[in-house]
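Visitor: input-v1.csv (CSV, C-alpha atoms) pasted underneath:
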chain,number,residue,atom,x,y,z
A,158,MET,CA,2.5,-104.9,71.1
A,159,ALA,CA,1.8,-103.8,74.7
A,160,THR,CA,4.2,-101.3,76.2
A,161,ILE,CA,5.6,-102.3,79.5
A,162,VAL,CA,5.6,-99.4,81.9
A,163,PRO,CA,8.3,-99.8,84.5
A,164,GLN,CA,7.2,-99.4,88.1
A,165,ARG,CA,7.9,-95.8,89.1
A,166,THR,CA,6.9,-93.3,91.7
A,167,PRO,CA,3.9,-91.1,90.7
A,168,PRO,CA,4.9,-88.1,88.6
A,169,THR,CA,5.1,-84.7,90.3
A,170,SER,CA,2.1,-82.3,89.7
A,171,ALA,CA,4.3,-80.4,87.2
A,172,VAL,CA,5.3,-83.5,85.2
A,173,PHE,CA,1.7,-84.8,85.3
A,174,ALA,CA,0.3,-81.5,84.0
A,175,ILE,CA,2.9,-81.4,81.2
A,176,LEU,CA,2.1,-85.0,80.2
A,177,LEU,CA,-1.6,-84.2,80.2
A,178,SER,CA,-1.0,-81.1,78.1
A,179,LEU,CA,1.1,-82.9,75.6
A,180,ALA,CA,-1.5,-85.7,75.4
A,181,GLU,CA,-4.3,-83.5,74.2
A,182,GLU,CA,-4.6,-81.9,70.8
A,183,SER,CA,-4.2,-78.2,70.8
A,184,GLU,CA,-7.2,-76.3,69.7
A,185,PRO,CA,-7.1,-75.7,65.9
A,186,GLY,CA,-6.8,-72.1,65.1
A,187,SER,CA,-5.7,-71.1,68.6
A,188,ARG,CA,-3.0,-68.7,69.1
A,189,ASN,CA,0.4,-70.3,68.2
A,190,GLY,CA,-1.6,-73.5,68.0
A,191,ARG,CA,-0.1,-76.7,66.5
A,192,ARG,CA,-1.6,-80.2,66.4
A,193,SER,CA,-0.1,-82.6,68.9
A,194,ALA,CA,1.4,-84.6,66.1
A,195,ASN,CA,4.0,-81.8,65.8
A,196,GLY,CA,4.0,-81.2,69.6
A,197,LYS,CA,3.5,-78.1,71.6
A,198,HIS,CA,5.8,-75.3,72.4
A,199,GLY,CA,6.6,-74.0,75.9
A,200,TYR,CA,4.1,-71.3,76.2
A,201,GLN,CA,1.3,-73.5,74.9
A,202,ILE,CA,2.1,-76.0,77.6
A,203,MET,CA,2.3,-73.2,80.3
A,204,LYS,CA,-1.2,-72.1,79.3
A,205,ASP,CA,-2.6,-75.6,79.2
A,206,VAL,CA,-1.4,-76.5,82.7
A,207,ARG,CA,-2.8,-73.2,84.1
A,208,MET,CA,-6.3,-74.2,83.0
A,209,PRO,CA,-8.5,-76.2,85.5
A,210,ALA,CA,-8.6,-79.0,82.9
A,211,GLY,CA,-4.8,-79.0,82.7
A,212,GLY,CA,-4.3,-79.3,86.5
A,213,SER,CA,-4.4,-75.7,87.5
A,214,VAL,CA,-0.6,-75.7,87.9
A,215,LYS,CA,1.0,-72.3,87.8
A,216,MET,CA,4.3,-72.9,86.1
A,217,GLY,CA,6.9,-70.4,84.9
A,218,PRO,CA,9.5,-71.1,82.2
A,219,GLY,CA,12.2,-72.2,84.7
A,220,THR,CA,10.0,-75.0,86.2
A,221,LEU,CA,8.7,-75.9,82.7
A,222,TYR,CA,12.1,-76.3,81.0
A,223,GLY,CA,13.6,-77.9,84.1
A,224,SER,CA,10.8,-80.5,84.1
A,225,LEU,CA,11.0,-81.0,80.3
A,226,ASP,CA,14.8,-81.5,80.7
A,227,ARG,CA,14.2,-84.3,83.2
A,228,MET,CA,11.3,-85.8,81.2
A,229,MET,CA,13.4,-85.9,78.1
A,230,ARG,CA,16.2,-87.6,80.1
A,231,ASP,CA,13.6,-90.1,81.4
A,232,GLY,CA,12.3,-90.7,77.9
A,233,LEU,CA,8.8,-89.4,78.6
A,234,VAL,CA,8.9,-86.6,76.0
A,235,GLU,CA,10.9,-85.7,73.0
A,236,GLU,CA,11.6,-82.6,70.9
A,237,THR,CA,9.9,-82.9,67.6
A,238,GLY,CA,13.0,-81.4,66.0
A,239,MET,CA,10.8,-78.6,64.8
A,240,THR,CA,11.3,-74.9,65.6
A,241,ASP,CA,9.4,-72.1,64.0
A,242,ASP,CA,10.8,-68.9,62.7
A,243,GLU,CA,10.3,-67.4,66.2
A,244,ARG,CA,12.7,-70.0,67.7
A,245,ARG,CA,10.0,-71.9,69.7
A,246,ARG,CA,10.9,-75.5,70.5
A,247,TYR,CA,8.2,-78.2,70.2
A,248,TYR,CA,7.7,-81.2,72.3
A,249,ARG,CA,5.6,-84.3,72.2
A,250,LEU,CA,5.0,-87.4,74.2
A,251,THR,CA,6.9,-90.6,73.6
A,252,ARG,CA,5.3,-94.1,73.9
A,253,LEU,CA,6.7,-94.3,77.3
A,254,GLY,CA,5.3,-90.9,78.2
A,255,GLU,CA,1.8,-92.0,77.0
A,256,SER,CA,2.1,-95.2,79.1
A,257,VAL,CA,3.2,-93.4,82.2
A,258,LEU,CA,0.3,-90.9,81.8
A,259,ALA,CA,-2.2,-93.7,81.3
A,260,SER,CA,-0.9,-95.6,84.3
A,261,GLU,CA,-1.1,-92.4,86.4
A,262,LEU,CA,-4.6,-91.7,85.2
A,263,ASN,CA,-5.6,-95.2,86.2
A,264,ARG,CA,-4.1,-94.8,89.6
A,265,LEU,CA,-5.9,-91.5,90.1
A,266,ASP,CA,-9.1,-93.0,88.8
A,267,ALA,CA,-8.9,-95.8,91.2
A,268,ALA,CA,-8.2,-93.4,94.1
A,269,VAL,CA,-11.2,-91.2,93.1
A,270,SER,CA,-13.5,-94.4,92.8
A,271,SER,CA,-12.3,-95.4,96.3
A,272,ALA,CA,-13.0,-91.9,97.7
A,273,ARG,CA,-16.5,-92.1,96.2
A,274,SER,CA,-17.2,-95.5,97.7
A,275,LEU,CA,-16.1,-94.1,101.0
A,276,GLY,CA,-18.5,-91.2,100.6
A,277,LEU,CA,-15.7,-88.7,100.5
A,278,LEU,CA,-16.8,-87.5,97.1
A,279,PRO,CA,-20.4,-87.2,95.7
A,280,GLN,CA,-21.5,-90.1,93.5
A,281,GLY,CA,-21.5,-89.9,89.8
A,282,GLY,CA,-19.9,-86.5,89.2
A,283,ARG,CA,-17.1,-84.1,89.8
A,284,SER,CA,-16.7,-82.8,93.4
B,51,MET,CA,6.7,-60.7,66.3
B,52,LYS,CA,4.5,-57.8,67.4
B,53,PRO,CA,6.1,-54.6,68.7
B,54,LEU,CA,6.2,-54.4,72.5
B,55,LYS,CA,5.6,-51.6,74.9
B,56,THR,CA,8.7,-50.1,76.6
B,57,GLN,CA,7.6,-51.6,79.9
B,58,ASP,CA,7.4,-55.0,78.4
B,59,GLU,CA,10.7,-54.7,76.7
B,60,ARG,CA,12.2,-53.8,80.1
B,61,LEU,CA,10.6,-56.9,81.6
B,62,ILE,CA,12.0,-59.1,78.9
B,63,ARG,CA,15.5,-57.6,79.3
B,64,ALA,CA,15.3,-58.2,83.1
B,65,TYR,CA,14.3,-61.8,82.6
B,66,SER,CA,17.1,-62.2,80.0
B,67,ARG,CA,19.6,-61.0,82.6
B,68,ALA,CA,18.0,-63.3,85.3
B,69,LEU,CA,18.6,-66.3,83.1
B,70,HIS,CA,22.3,-65.8,83.7
B,71,LEU,CA,21.7,-67.0,87.2
B,72,TYR,CA,21.0,-70.5,86.1
B,73,PRO,CA,23.8,-73.1,85.9
B,74,ALA,CA,25.8,-72.9,82.6
B,75,GLY,CA,24.6,-76.3,81.3
B,76,PHE,CA,21.0,-75.6,81.9
B,77,ARG,CA,21.3,-72.1,80.5
B,78,LYS,CA,22.9,-73.3,77.4
B,79,ARG,CA,20.2,-75.9,76.8
B,80,ASN,CA,17.2,-73.8,77.6
B,81,ALA,CA,17.8,-70.0,77.9
B,82,GLU,CA,16.7,-69.2,74.4
B,83,ALA,CA,13.5,-71.3,74.6
B,84,MET,CA,12.8,-69.9,78.1
B,85,LEU,CA,13.2,-66.3,76.9
B,86,ARG,CA,10.9,-67.1,73.9
B,87,THR,CA,8.3,-68.6,76.3
B,88,PHE,CA,8.5,-65.6,78.6
B,89,ARG,CA,8.1,-63.3,75.6
B,90,ASP,CA,5.0,-65.2,74.5
B,91,ALA,CA,3.6,-64.8,78.0
B,92,VAL,CA,4.4,-61.0,77.9
B,93,GLU,CA,2.6,-60.8,74.5
B,94,ASP,CA,-0.4,-62.6,75.8
B,95,ASP,CA,-3.0,-59.9,76.5
B,96,ASP,CA,-5.1,-62.4,78.6
B,97,LEU,CA,-2.4,-62.6,81.2
B,98,VAL,CA,-2.5,-59.9,83.9
B,99,ARG,CA,1.0,-58.3,84.0
B,100,ARG,CA,1.1,-58.4,87.8
B,101,ASP,CA,0.3,-62.1,87.9
B,102,LEU,CA,3.0,-62.8,85.3
B,103,VAL,CA,5.6,-60.9,87.3
B,104,ALA,CA,4.6,-62.7,90.5
B,105,LEU,CA,4.6,-66.1,88.8
B,106,THR,CA,8.0,-65.4,87.1
B,107,VAL,CA,9.7,-64.2,90.3
B,108,THR,CA,8.4,-67.2,92.3
B,109,ASP,CA,9.4,-69.5,89.4
B,110,LEU,CA,12.9,-68.0,89.3
B,111,CYS,CA,13.4,-68.5,93.0
B,112,ILE,CA,12.3,-72.1,93.0
B,113,SER,CA,13.8,-73.3,89.8
B,114,LEU,CA,17.1,-71.5,90.4
B,115,VAL,CA,17.5,-73.5,93.6
B,116,LYS,CA,16.3,-76.7,92.0
B,117,GLU,CA,18.6,-76.4,89.0
B,118,HIS,CA,21.7,-75.5,91.0
B,119,LEU,CA,21.0,-78.5,93.3
B,120,ALA,CA,20.6,-80.7,90.3
B,121,MET,CA,23.9,-79.3,88.9
B,122,LEU,CA,25.7,-80.0,92.2
B,123,ARG,CA,24.2,-83.5,92.2
B,124,ASP,CA,25.3,-84.2,88.7
B,125,THR,CA,28.7,-82.7,89.4
B,126,PHE,CA,29.6,-84.1,92.8
B,127,ALA,CA,27.2,-86.9,93.6
B,128,ARG,CA,27.8,-89.1,90.7
B,129,PRO,CA,27.8,-92.8,91.9
B,130,VAL,CA,31.4,-93.4,90.7
B,131,LEU,CA,32.6,-90.3,92.6
B,132,VAL,CA,30.7,-91.1,95.8
B,133,TYR,CA,31.9,-94.8,95.6
B,134,ASN,CA,35.5,-93.7,95.2
B,135,ALA,CA,35.2,-91.2,98.0
B,136,VAL,CA,33.7,-93.7,100.3
B,137,VAL,CA,36.4,-96.3,99.6
B,138,LEU,CA,39.1,-93.8,100.1
B,139,ALA,CA,37.5,-92.5,103.3
B,140,ALA,CA,37.2,-96.1,104.6
B,141,LEU,CA,40.9,-96.7,103.8
B,142,SER,CA,41.9,-93.5,105.5
B,143,THR,CA,39.8,-94.4,108.5
B,144,GLY,CA,41.5,-97.8,108.8
B,145,LEU,CA,44.9,-96.2,108.4
B,146,ALA,CA,44.1,-93.6,111.1
B,147,LEU,CA,42.8,-96.3,113.4
B,148,ALA,CA,46.1,-98.3,112.8
B,149,LEU,CA,48.1,-95.1,113.4
B,150,TYR,CA,46.4,-94.8,116.8
B,151,ALA,CA,46.1,-98.5,117.8
B,152,ILE,CA,49.6,-99.7,117.1
B,153,PRO,CA,51.5,-97.0,119.1
B,154,GLN,CA,48.8,-97.2,121.8
B,155,GLN,CA,49.4,-100.9,122.2
B,156,VAL,CA,53.2,-100.5,122.2
B,157,LEU,CA,53.0,-97.8,124.8
B,158,ARG,CA,50.5,-99.6,126.9
B,159,GLN,CA,52.4,-102.9,126.8
B,160,GLY,CA,55.7,-101.1,127.5
B,161,ALA,CA,54.1,-99.6,130.6
B,162,ASN,CA,54.2,-103.2,132.1
B,163,ASP,CA,57.9,-103.8,131.5
B,164,PRO,CA,59.5,-103.1,135.0
B,165,GLN,CA,56.5,-104.6,136.8
B,166,ILE,CA,56.8,-107.9,135.0
B,167,GLN,CA,60.4,-108.2,136.1
B,168,MET,CA,59.6,-107.0,139.7
B,169,SER,CA,56.5,-109.3,140.2
B,170,THR,CA,58.3,-112.3,138.7
B,171,ASP,CA,61.4,-111.8,140.9
B,172,LEU,CA,59.3,-111.3,144.1
B,173,ALA,CA,57.0,-114.2,143.3
B,174,ALA,CA,60.0,-116.4,142.8
B,175,ILE,CA,61.3,-115.5,146.4
B,176,LEU,CA,57.8,-115.9,147.9
B,177,ASN,CA,57.3,-119.2,146.1
B,178,ARG,CA,60.2,-120.5,148.1
B,179,TYR,CA,59.3,-119.1,151.5
B,180,GLY,CA,55.6,-118.5,151.3
B,181,VAL,CA,54.0,-115.1,151.4
B,182,THR,CA,54.0,-114.5,155.1
B,183,ASP,CA,57.4,-115.9,155.9
B,184,GLY,CA,58.9,-114.3,152.8
B,185,LEU,CA,57.7,-110.9,153.9
B,186,HIS,CA,59.1,-111.5,157.4
B,187,GLN,CA,62.4,-112.2,155.8
B,188,GLY,CA,62.4,-108.8,154.2
B,189,ALA,CA,61.5,-109.7,150.6
B,190,LEU,CA,59.9,-106.2,150.1
B,191,LEU,CA,62.6,-104.2,151.7
B,192,GLN,CA,64.9,-104.2,148.7
B,193,SER,CA,62.4,-102.0,146.9
B,194,GLY,CA,63.1,-98.8,148.8
B,195,GLY,CA,60.7,-96.3,150.5
B,196,VAL,CA,56.9,-96.1,150.4
B,197,VAL,CA,55.4,-95.0,147.0
B,198,ASP,CA,52.4,-92.7,146.9
B,199,MET,CA,50.3,-94.4,144.2
B,200,GLY,CA,48.4,-91.2,143.5
B,201,GLN,CA,51.5,-89.0,142.9
B,202,SER,CA,54.6,-91.1,142.2
B,203,LEU,CA,55.6,-92.6,138.8
B,204,SER,CA,57.8,-95.2,140.6
B,205,PRO,CA,56.8,-98.8,140.3
B,206,PHE,CA,55.7,-100.5,143.5
B,207,LEU,CA,54.9,-104.0,144.9
B,208,ILE,CA,52.0,-105.3,147.0
B,209,VAL,CA,51.7,-108.8,148.4
B,210,TYR,CA,48.3,-110.4,149.1
B,211,ASP,CA,47.4,-113.6,150.8
B,212,ASP,CA,45.3,-116.3,149.1
B,213,GLN,CA,42.1,-114.5,150.0
B,214,GLY,CA,43.3,-111.2,148.5
B,215,HIS,CA,44.1,-109.4,151.7
B,216,ALA,CA,47.1,-107.1,151.6
B,217,LEU,CA,50.0,-108.5,153.7
B,218,GLY,CA,52.7,-106.1,152.8
B,219,SER,CA,53.4,-103.3,150.4
B,220,ASN,CA,55.8,-100.5,149.6
B,221,ALA,CA,52.9,-98.3,148.2
B,222,GLN,CA,49.9,-96.6,149.6
B,223,LEU,CA,47.0,-94.6,148.4
B,224,ASN,CA,45.3,-92.2,150.8
B,225,GLY,CA,47.0,-94.0,153.7
B,226,GLN,CA,45.7,-97.5,152.7
B,227,THR,CA,46.9,-100.4,150.6
B,228,PRO,CA,44.2,-101.0,148.0
B,229,ALA,CA,43.4,-104.4,146.4
B,230,PRO,CA,42.2,-105.1,142.9
B,231,PRO,CA,38.8,-106.6,142.3
B,232,GLN,CA,38.4,-110.2,143.4
B,233,GLY,CA,37.9,-111.3,139.8
B,234,VAL,CA,41.5,-110.5,139.1
B,235,PHE,CA,42.6,-112.8,141.9
B,236,ASP,CA,40.3,-115.5,140.6
B,237,PHE,CA,41.7,-115.2,137.1
B,238,VAL,CA,45.3,-115.3,138.3
B,239,ARG,CA,44.6,-118.3,140.6
B,240,SER,CA,43.7,-120.3,137.4
B,241,HIS,CA,46.0,-118.7,134.9
B,242,GLY,CA,49.1,-117.8,136.9
B,243,GLU,CA,49.4,-114.2,135.7
B,244,GLU,CA,47.3,-111.2,134.7
B,245,ARG,CA,48.2,-107.8,133.2
B,246,VAL,CA,45.5,-105.2,133.8
B,247,THR,CA,44.8,-101.5,134.0
B,248,TRP,CA,43.7,-101.0,137.6
B,249,GLU,CA,41.8,-98.1,139.0
B,250,PRO,CA,42.3,-98.4,142.8
B,251,ILE,CA,39.5,-95.8,143.4
B,252,PRO,CA,36.6,-97.5,141.7
B,253,HIS,CA,34.6,-95.4,139.1
B,254,SER,CA,37.3,-92.7,139.2
B,255,HIS,CA,39.8,-92.2,136.5
B,256,ALA,CA,42.1,-90.2,138.9
B,257,VAL,CA,44.6,-93.0,139.5
B,258,ARG,CA,45.2,-95.6,136.8
B,259,ILE,CA,47.8,-98.3,137.4
B,260,ALA,CA,49.5,-100.6,134.9
B,261,ALA,CA,49.4,-103.7,137.1
B,262,VAL,CA,51.0,-107.2,136.7
B,263,VAL,CA,49.6,-109.8,139.1
B,264,GLU,CA,51.6,-113.0,139.6
B,265,ARG,CA,50.4,-116.1,141.5
B,266,VAL,CA,52.5,-117.3,144.4
B,267,ASN,CA,52.2,-121.0,144.9
B,268,GLY,CA,54.0,-123.1,147.5
B,269,PRO,CA,53.4,-123.5,151.2
B,270,GLN,CA,51.7,-120.2,151.7
B,271,PRO,CA,50.0,-119.2,148.5
B,272,GLY,CA,49.1,-115.7,147.6
B,273,PHE,CA,49.6,-113.0,145.0
B,274,VAL,CA,52.2,-110.4,144.1
B,275,LEU,CA,51.1,-107.2,142.4
B,276,ALA,CA,53.6,-105.0,140.7
B,277,GLY,CA,52.2,-101.6,139.5
B,278,ARG,CA,53.1,-98.2,138.2
B,279,SER,CA,51.0,-95.1,137.5
B,280,MET,CA,50.0,-94.8,133.9
B,281,ARG,CA,49.9,-91.0,134.0
B,282,GLU,CA,52.8,-90.4,131.7
B,283,VAL,CA,52.0,-93.3,129.4
B,284,GLU,CA,48.4,-92.1,129.0
B,285,ALA,CA,49.6,-88.6,128.3
B,286,ARG,CA,51.7,-90.0,125.4
B,287,ILE,CA,48.7,-92.1,124.2
B,288,ALA,CA,46.6,-89.0,124.2
B,289,GLN,CA,49.2,-87.3,122.0
B,290,VAL,CA,49.2,-90.3,119.7
B,291,SER,CA,45.4,-90.2,119.6
B,292,GLN,CA,45.5,-86.5,118.7
B,293,MET,CA,48.0,-87.0,116.0
B,294,ALA,CA,46.0,-89.8,114.5
B,295,ARG,CA,42.8,-87.7,114.7
B,296,PHE,CA,44.6,-84.8,112.9
B,297,THR,CA,45.9,-87.2,110.3
B,298,TRP,CA,42.4,-88.6,109.8
B,299,PHE,CA,40.8,-85.3,109.4
B,300,GLY,CA,43.6,-84.2,107.0
B,301,MET,CA,43.2,-87.3,104.9
B,302,LEU,CA,39.4,-86.8,104.8
B,303,GLY,CA,39.9,-83.2,103.8
B,304,VAL,CA,42.3,-84.1,101.0
B,305,ILE,CA,39.8,-86.8,99.8
B,306,ALA,CA,36.9,-84.3,99.9
B,307,LEU,CA,38.9,-81.7,98.0
B,308,GLY,CA,40.2,-84.1,95.5
B,309,THR,CA,36.8,-85.6,94.9
B,310,ALA,CA,35.3,-82.1,94.5
B,311,MET,CA,38.0,-81.1,92.0
B,312,PHE,CA,37.8,-84.3,90.1
B,313,GLY,CA,34.0,-84.0,90.0
B,314,TRP,CA,34.3,-80.4,88.8
B,315,TYR,CA,36.7,-81.1,86.0
B,316,THR,CA,34.9,-84.2,84.8
B,317,ARG,CA,31.4,-82.7,85.2
B,318,PRO,CA,28.9,-83.4,82.4
B,319,ARG,CA,29.3,-80.5,80.0
B,320,ALA,CA,26.4,-78.8,78.2
B,321,GLU,CA,25.9,-80.2,74.7
For this file, write the structure as structure tokens.

Guide:
Amino acid sequence: MATIVPQRTPPTSAVFAILLSLAEESEPGSRNGRRSANGKHGYQIMKDVRMPAGGSVKMGPGTLYGSLDRMMRDGLVEETGMTDDERRRYYRLTRLGESVLASELNRLDAAVSSARSLGLLPQGGRS
Amino acid sequence: MKPLKTQDERLIRAYSRALHLYPAGFRKRNAEAMLRTFRDAVEDDDLVRRDLVALTVTDLCISLVKEHLAMLRDTFARPVLVYNAVVLAALSTGLALALYAIPQQVLRQGANDPQIQMSTDLAAILNRYGVTDGLHQGALLQSGGVVDMGQSLSPFLIVYDDQGHALGSNAQLNGQTPAPPQGVFDFVRSHGEERVTWEPIPHSHAVRIAAVVERVNGPQPGFVLAGRSMREVEARIAQVSQMARFTWFGMLGVIALGTAMFGWYTRPRAE
């Protein structure tokens, strides 16, 4: 059954980066790594979003947990209910979160294609 | 959990203290996880300590403001609170307007009282004799000496012919007998009477007159104007306006305070 994504304003860069981070699988064997089925904890997300592939967003714990609070309220992410013995909380995307991410990626993809066709970006590759 | 250097322990302790700056609800939900995340960052050897400190300080500044604003919004800007406050403010605004408008109208209408009687009486005499002959027979003399319209609070009378030229008067302003705008005469010609606030010196609020203008019909038609300075009445109206304004601000203050207190006591509590 297709999920209907309600029309919403584009997510902020922090929210988008968190969605992206939670969408990808964490590297097996990485430090504190968990597979995305169990979600990711705060510092994993912070590290992901700092990477160029994660959006290069420098985010501290305050912004991270503030964003996660609001994303949970909006139903985009959920706690997995899992905490390890070092009291880390784990988060994962909800169906709605996945849909919102997909729709935002489509929007960005369309914008990039448009920029390419206008000659603002080089054809067939990253700028 | 690996052992930390003293410097790192200090950093974590400082961050733990800084977490107390967040609103209680946010702190209760997230402080433990935030501290754990910060500890993970401190333990990460790949992260340059100076960058971490700079990032954390910036993040604290931004997120503290953001979370306090969010807390204020959740506490005081809930739709039900805003709706109630707006309705109460609208009611108090209506009440304050009524507190001003009702006495203002009573005072303003009351300012016409002697003039109505005076103009009606004089018009009745002039209706019988005509404006010119009536004046010759001393219709105005019963009113006493000349009134200075700019200074005196006494009521006065002016008689005009059908074209609006002054024929006789017991009042003067700067040595002359002024006449109201022609439109007033036109209105009275068709309606019989008009009650207006008249400024004998156009575009100046120095002299304002509560004027009652009556039509004189009969053999020599014309107009009778009875007037009186509104200086005292307007001073009272200004007092009423000030009291209504104080009442309005007072009511708005009580509504704001009450809404803030109600918002605070019914604020969403941390789970």

Visitor: Might you pull out every residue within 9 Å of range 75-80 of chain B, with only C-alpha atoms counted and same-chain residues fewer than 3 positions away left off, and present them as a ChimeraX atom specification?

Guide: /A:219,222-223,226 /B:69-72,83-85,117,121,318-321

Visitor: Quick one: everything within 6 Å of Gly211 in chain A, counting all atoms listed in the file, minus sequence neighbours fewer than 4 positions away in the same chain. Send it as a list in words.

Guide: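 Within the cut-off, the hits are Ala174, Asp205 and Val206 of chain A.
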
Visitor: From the options A:Thr169, A:Val214, A:Glu181, A:Gln201, which residue's atoms come nearest to Asp109 in chain B, counting all atoms listed in the file?

Guide: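 So, comparing all the options, the nearest one is A:Val214.
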
Visitor: Please compute the CA of Leu102 in chain B-CA of Leu221 in chain A distance, one decimal, in Å.

Guide: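 CA of Leu221 in chain A lies 14.5 Å from CA of Leu102 in chain B.
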
Visitor: Could you please determine the separation between CA of Phe88 in chain B and CA of Tyr65 in chain B in Å, to one decimal place?

Guide: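 Computed distance, CA of Phe88 in chain B to CA of Tyr65 in chain B, equals 8.0 Å.
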
Visitor: Compute the set of chain A residues within 6 Å of chain B, using only C-alpha atoms, and express it as a PDB file with C-alpha atoms, in the coordinates of the input.

Guide:
ATOM      1  CA  GLY A 199       6.600 -74.000  75.900  1.00  0.00           C
ATOM      2  CA  TYR A 200       4.100 -71.300  76.200  1.00  0.00           C
ATOM      3  CA  GLY A 217       6.900 -70.400  84.900  1.00  0.00           C
ATOM      4  CA  PRO A 218       9.500 -71.100  82.200  1.00  0.00           C
ATOM      5  CA  GLY A 219      12.200 -72.200  84.700  1.00  0.00           C
ATOM      6  CA  THR A 220      10.000 -75.000  86.200  1.00  0.00           C
TER       7      THR A 220
END

Visitor: Got a sec: who's within 12 Å of range 165-169 of chain B, counting all atoms listed in the file, leaving out chain neighbours fewer than 2 positions off, as a ChimeraX atom specification?

Guide: /B:159-163,171-177,189-190,192-193,204-209,242-246,259-266,273-279

Visitor: Using the selection just defined, write its residues with C-alpha atoms as a PDB file, in the frame of the given file.

Guide:
ATOM      1  CA  GLN B 159      52.400-102.900 126.800  1.00  0.00           C
ATOM      2  CA  GLY B 160      55.700-101.100 127.500  1.00  0.00           C
ATOM      3  CA  ALA B 161      54.100 -99.600 130.600  1.00  0.00           C
ATOM      4  CA  ASN B 162      54.200-103.200 132.100  1.00  0.00           C
ATOM      5  CA  ASP B 163      57.900-103.800 131.500  1.00  0.00           C
ATOM      6  CA  ASP B 171      61.400-111.800 140.900  1.00  0.00           C
ATOM      7  CA  LEU B 172      59.300-111.300 144.100  1.00  0.00           C
ATOM      8  CA  ALA B 173      57.000-114.200 143.300  1.00  0.00           C
ATOM      9  CA  ALA B 174      60.000-116.400 142.800  1.00  0.00           C
ATOM     10  CA  ILE B 175      61.300-115.500 146.400  1.00  0.00           C
ATOM     11  CA  LEU B 176      57.800-115.900 147.900  1.00  0.00           C
ATOM     12  CA  ASN B 177      57.300-119.200 146.100  1.00  0.00           C
ATOM     13  CA  ALA B 189      61.500-109.700 150.600  1.00  0.00           C
ATOM     14  CA  LEU B 190      59.900-106.200 150.100  1.00  0.00           C
ATOM     15  CA  GLN B 192      64.900-104.200 148.700  1.00  0.00           C
ATOM     16  CA  SER B 193      62.400-102.000 146.900  1.00  0.00           C
ATOM     17  CA  SER B 204      57.800 -95.200 140.600  1.00  0.00           C
ATOM     18  CA  PRO B 205      56.800 -98.800 140.300  1.00  0.00           C
ATOM     19  CA  PHE B 206      55.700-100.500 143.500  1.00  0.00           C
ATOM     20  CA  LEU B 207      54.900-104.000 144.900  1.00  0.00           C
ATOM     21  CA  ILE B 208      52.000-105.300 147.000  1.00  0.00           C
ATOM     22  CA  VAL B 209      51.700-108.800 148.400  1.00  0.00           C
ATOM     23  CA  GLY B 242      49.100-117.800 136.900  1.00  0.00           C
ATOM     24  CA  GLU B 243      49.400-114.200 135.700  1.00  0.00           C
ATOM     25  CA  GLU B 244      47.300-111.200 134.700  1.00  0.00           C
ATOM     26  CA  ARG B 245      48.200-107.800 133.200  1.00  0.00           C
ATOM     27  CA  VAL B 246      45.500-105.200 133.800  1.00  0.00           C
ATOM     28  CA  ILE B 259      47.800 -98.300 137.400  1.00  0.00           C
ATOM     29  CA  ALA B 260      49.500-100.600 134.900  1.00  0.00           C
ATOM     30  CA  ALA B 261      49.400-103.700 137.100  1.00  0.00           C
ATOM     31  CA  VAL B 262      51.000-107.200 136.700  1.00  0.00           C
ATOM     32  CA  VAL B 263      49.600-109.800 139.100  1.00  0.00           C
ATOM     33  CA  GLU B 264      51.600-113.000 139.600  1.00  0.00           C
ATOM     34  CA  ARG B 265      50.400-116.100 141.500  1.00  0.00           C
ATOM     35  CA  VAL B 266      52.500-117.300 144.400  1.00  0.00           C
ATOM     36  CA  PHE B 273      49.600-113.000 145.000  1.00  0.00           C
ATOM     37  CA  VAL B 274      52.200-110.400 144.100  1.00  0.00           C
ATOM     38  CA  LEU B 275      51.100-107.200 142.400  1.00  0.00           C
ATOM     39  CA  ALA B 276      53.600-105.000 140.700  1.00  0.00           C
ATOM     40  CA  GLY B 277      52.200-101.600 139.500  1.00  0.00           C
ATOM     41  CA  ARG B 278      53.100 -98.200 138.200  1.00  0.00           C
ATOM     42  CA  SER B 279      51.000 -95.100 137.500  1.00  0.00           C
TER      43      SER B 279
END

Visitor: Just the residues within 12 Å of Glu235 in chain A, please, counting all atoms listed in the file, with nothing from its chain fewer than 6 positions along; format it as a count of residues only.

Guide: 22

Visitor: Got a sec: who's within 12 Å of Leu138 in chain B, counting all atoms listed in the file, leaving out chain neighbours fewer than 4 positions off, as a ChimeraX atom specification?

Guide: /B:131-134,142-145,298,301-306,308-309

Visitor: Emit as JSON the padded axis-aligned box for all listed atoms of range 222-227 of chain A, 8 Å per side, with centre and edge lengths in Å to one decimal.

Guide:
{"center_x": 12.8, "center_y": -80.3, "center_z": 82.2, "size_x": 20.0, "size_y": 24.0, "size_z": 19.8}

Visitor: One decimal, in Å: what's the spacing between CA of Val136 in chain B and CA of Arg123 in chain B?

Guide: 16.1 Å
